[in-house]
Amino acid sequence: EGTNKGDMEVMDVLEFMAKSLKKDFPFVNIFHPLKSDFKNMTSFIENKMSSVCNSKLKSGCGLTLTSKLKLEGEVKTLILNLRKLLEEQTIDTIKVMNIQKTFKYLKQNIDLSVIQAAVLESKDLIEGFVKDLQNWVESEIKLGIGTSN
């Protein structure tokens with residue numbers, strides 16, 4: 001009695017965390033980011049996750065300020081890694097696709113302005129790279145056509 005839907009959703013999250021700890025699932029490890037295996041946790045979470053209806057929980061993801069700052073730093077690192085990969089002589093497409101996949105996941109599940117801005121930046125970087133590559137291919141084709149005459 002006296003609880004609202006938001007309180008019930010928070011209670012659901014807390015119960016989920018308690019069950020995760022009992023079953024030794026990695027969901028709660030996010031509170032110890034330096035000790036977490038993010039690849040393992042990400043794949044595990046993707047298989048177990050359902051959407052949150054409460055807009056407060058979705059927009060803040062229940063993260064502390066420290067966790068938000070850590071996530072921001074990781075997202076900025078991803079952007080820097082993406083830039084570096086796209087500037088290399090030989091592009092490691094697997095790494096680029098993994099970064100794209102991560103940003104897609106973040107866009108769908110974390111409604112923080114910093115995350116959404118990084119998602120747009122990653123999209124712009126890749127689209128710019130593809131456009132530059134297309135222009136290069138077109139110029140090479142024109143050069144090849146011009147020399148064959």
# chains A, B, ... in the order shown; residues from 1 in each chain; ligands from 1
$ closest_atom_pairs --of "stretch 65-94 of chain A" --to "stretch 126-145 of chain A" --cutoff "9 Å" --atoms "only C-alpha atoms" --output "Markdown table"
| residue | atom | partner | partner_atom | distance |
| --- | --- | --- | --- | --- |
| A:Leu82 | CA | A:Ile126 | CA | 8.5 |
| A:Arg83 | CA | A:Ile126 | CA | 8.9 |
| A:Leu86 | CA | A:Phe129 | CA | 7.0 |
| A:Glu87 | CA | A:Phe129 | CA | 8.9 |
$ residues_around --residues "A:Leu71" --least-positions-apart "6" --cutoff "10 Å" --atoms "only C-alpha atoms" --output "ChimeraX atom specification"
/A:33,63,65,77,114-115
$ write_last_selection --atoms "N, CA and C atoms" --output "mmCIF file, in the first residue's frame"
data_model
loop_
_atom_site.group_PDB
_atom_site.id
_atom_site.type_symbol
_atom_site.label_atom_id
_atom_site.label_comp_id
_atom_site.auth_asym_id
_atom_site.auth_seq_id
_atom_site.Cartn_x
_atom_site.Cartn_y
_atom_site.Cartn_z
ATOM 1 N N PRO A 33 33.192 -1.907 -11.728
ATOM 2 C CA PRO A 33 33.593 -1.888 -13.145
ATOM 3 C C PRO A 33 35.026 -2.328 -13.412
ATOM 4 N N LEU A 63 22.165 4.265 -12.590
ATOM 5 C CA LEU A 63 23.613 4.376 -12.405
ATOM 6 C C LEU A 63 23.954 5.499 -11.427
ATOM 7 N N LEU A 65 26.573 8.453 -10.108
ATOM 8 C CA LEU A 65 27.346 9.435 -10.867
ATOM 9 C C LEU A 65 28.700 8.858 -11.286
ATOM 10 N N THR A 77 36.293 6.426 -25.259
ATOM 11 C CA THR A 77 37.373 5.546 -25.694
ATOM 12 C C THR A 77 36.958 4.769 -26.945
ATOM 13 N N VAL A 114 24.705 11.817 -23.361
ATOM 14 C CA VAL A 114 26.101 11.594 -23.747
ATOM 15 C C VAL A 114 26.225 10.339 -24.605
ATOM 16 N N ILE A 115 25.498 9.303 -24.234
ATOM 17 C CA ILE A 115 25.538 8.049 -24.985
ATOM 18 C C ILE A 115 24.928 8.260 -26.367
#
$ closest_residue --among "A:Glu88, A:Glu15, A:Glu121, A:Asp7" --to "A:Val75" --atoms "only C-alpha atoms"
A:Glu121
$ closest_residue --among "A:Ser43, A:Thr93, A:Ser122, A:Ser67" --to "A:Ile79" --atoms "only C-alpha atoms"
A:Ser122
$ atom_distance --atom1 "atom CA of A:Ile99" --atom2 "atom CA of A:Phe25"
24.4 Å
$ atom_distance --atom1 "atom CA of A:Ala118" --atom2 "atom CA of A:Ile94"
19.8 Å
$ atom_distance --atom1 "atom CA of A:Thr66" --atom2 "atom CA of A:Ser113"
16.2 Å
$ residues_around --residues "A:Leu106" --least-positions-apart "2" --cutoff "10 Å" --atoms "only C-alpha atoms" --output "count of residues only"
15
$ decode --residues "stretch 79-97 of chain A" --atoms "N, CA, C and O atoms" --output "PDB file, in the first residue's frame"
ATOM      1  N   ILE A  79      34.851   5.760 -29.231  1.00  0.00           N
ATOM      2  CA  ILE A  79      34.880   6.714 -30.349  1.00  0.00           C
ATOM      3  C   ILE A  79      36.327   6.897 -30.826  1.00  0.00           C
ATOM      4  O   ILE A  79      36.599   6.872 -32.036  1.00  0.00           O
ATOM      5  N   LEU A  80      37.250   7.073 -29.890  1.00  0.00           N
ATOM      6  CA  LEU A  80      38.662   7.232 -30.271  1.00  0.00           C
ATOM      7  C   LEU A  80      39.187   5.990 -30.985  1.00  0.00           C
ATOM      8  O   LEU A  80      39.909   6.095 -31.985  1.00  0.00           O
ATOM      9  N   ASN A  81      38.830   4.816 -30.474  1.00  0.00           N
ATOM     10  CA  ASN A  81      39.250   3.568 -31.123  1.00  0.00           C
ATOM     11  C   ASN A  81      38.672   3.455 -32.525  1.00  0.00           C
ATOM     12  O   ASN A  81      39.348   2.995 -33.451  1.00  0.00           O
ATOM     13  N   LEU A  82      37.417   3.859 -32.685  1.00  0.00           N
ATOM     14  CA  LEU A  82      36.785   3.819 -34.003  1.00  0.00           C
ATOM     15  C   LEU A  82      37.509   4.745 -34.971  1.00  0.00           C
ATOM     16  O   LEU A  82      37.814   4.364 -36.108  1.00  0.00           O
ATOM     17  N   ARG A  83      37.808   5.963 -34.511  1.00  0.00           N
ATOM     18  CA  ARG A  83      38.555   6.907 -35.357  1.00  0.00           C
ATOM     19  C   ARG A  83      39.893   6.300 -35.790  1.00  0.00           C
ATOM     20  O   ARG A  83      40.269   6.367 -36.954  1.00  0.00           O
ATOM     21  N   LYS A  84      40.604   5.727 -34.823  1.00  0.00           N
ATOM     22  CA  LYS A  84      41.910   5.141 -35.098  1.00  0.00           C
ATOM     23  C   LYS A  84      41.784   3.997 -36.110  1.00  0.00           C
ATOM     24  O   LYS A  84      42.562   3.904 -37.063  1.00  0.00           O
ATOM     25  N   LEU A  85      40.808   3.127 -35.917  1.00  0.00           N
ATOM     26  CA  LEU A  85      40.611   1.996 -36.831  1.00  0.00           C
ATOM     27  C   LEU A  85      40.320   2.465 -38.250  1.00  0.00           C
ATOM     28  O   LEU A  85      40.815   1.876 -39.218  1.00  0.00           O
ATOM     29  N   LEU A  86      39.513   3.511 -38.379  1.00  0.00           N
ATOM     30  CA  LEU A  86      39.123   3.987 -39.705  1.00  0.00           C
ATOM     31  C   LEU A  86      40.253   4.741 -40.412  1.00  0.00           C
ATOM     32  O   LEU A  86      40.181   4.963 -41.616  1.00  0.00           O
ATOM     33  N   GLU A  87      41.286   5.126 -39.654  1.00  0.00           N
ATOM     34  CA  GLU A  87      42.424   5.823 -40.262  1.00  0.00           C
ATOM     35  C   GLU A  87      43.562   4.879 -40.629  1.00  0.00           C
ATOM     36  O   GLU A  87      44.526   5.295 -41.269  1.00  0.00           O
ATOM     37  N   GLU A  88      43.477   3.620 -40.218  1.00  0.00           N
ATOM     38  CA  GLU A  88      44.549   2.665 -40.499  1.00  0.00           C
ATOM     39  C   GLU A  88      44.589   2.301 -41.982  1.00  0.00           C
ATOM     40  O   GLU A  88      43.578   2.364 -42.674  1.00  0.00           O
ATOM     41  N   GLN A  89      45.778   1.896 -42.420  1.00  0.00           N
ATOM     42  CA  GLN A  89      45.975   1.501 -43.814  1.00  0.00           C
ATOM     43  C   GLN A  89      45.089   0.304 -44.165  1.00  0.00           C
ATOM     44  O   GLN A  89      44.459   0.269 -45.204  1.00  0.00           O
ATOM     45  N   THR A  90      45.092  -0.698 -43.290  1.00  0.00           N
ATOM     46  CA  THR A  90      44.250  -1.876 -43.474  1.00  0.00           C
ATOM     47  C   THR A  90      43.202  -1.865 -42.378  1.00  0.00           C
ATOM     48  O   THR A  90      43.541  -1.910 -41.191  1.00  0.00           O
ATOM     49  N   ILE A  91      41.941  -1.791 -42.759  1.00  0.00           N
ATOM     50  CA  ILE A  91      40.841  -1.676 -41.795  1.00  0.00           C
ATOM     51  C   ILE A  91      40.505  -3.048 -41.207  1.00  0.00           C
ATOM     52  O   ILE A  91      40.288  -4.007 -41.950  1.00  0.00           O
ATOM     53  N   ASP A  92      40.469  -3.116 -39.891  1.00  0.00           N
ATOM     54  CA  ASP A  92      40.048  -4.341 -39.195  1.00  0.00           C
ATOM     55  C   ASP A  92      38.523  -4.272 -39.071  1.00  0.00           C
ATOM     56  O   ASP A  92      37.984  -3.717 -38.111  1.00  0.00           O
ATOM     57  N   THR A  93      37.842  -4.825 -40.055  1.00  0.00           N
ATOM     58  CA  THR A  93      36.378  -4.714 -40.110  1.00  0.00           C
ATOM     59  C   THR A  93      35.689  -5.404 -38.941  1.00  0.00           C
ATOM     60  O   THR A  93      34.623  -4.974 -38.510  1.00  0.00           O
ATOM     61  N   ILE A  94      36.298  -6.446 -38.411  1.00  0.00           N
ATOM     62  CA  ILE A  94      35.707  -7.141 -37.260  1.00  0.00           C
ATOM     63  C   ILE A  94      35.641  -6.187 -36.066  1.00  0.00           C
ATOM     64  O   ILE A  94      34.611  -6.090 -35.387  1.00  0.00           O
ATOM     65  N   LYS A  95      36.730  -5.474 -35.806  1.00  0.00           N
ATOM     66  CA  LYS A  95      36.749  -4.524 -34.689  1.00  0.00           C
ATOM     67  C   LYS A  95      35.756  -3.387 -34.921  1.00  0.00           C
ATOM     68  O   LYS A  95      35.062  -2.966 -33.998  1.00  0.00           O
ATOM     69  N   VAL A  96      35.694  -2.888 -36.141  1.00  0.00           N
ATOM     70  CA  VAL A  96      34.746  -1.812 -36.458  1.00  0.00           C
ATOM     71  C   VAL A  96      33.315  -2.306 -36.252  1.00  0.00           C
ATOM     72  O   VAL A  96      32.487  -1.606 -35.653  1.00  0.00           O
ATOM     73  N   MET A  97      33.022  -3.510 -36.706  1.00  0.00           N
ATOM     74  CA  MET A  97      31.678  -4.065 -36.549  1.00  0.00           C
ATOM     75  C   MET A  97      31.348  -4.288 -35.069  1.00  0.00           C
ATOM     76  O   MET A  97      30.208  -4.054 -34.653  1.00  0.00           O
TER      77      MET A  97
END
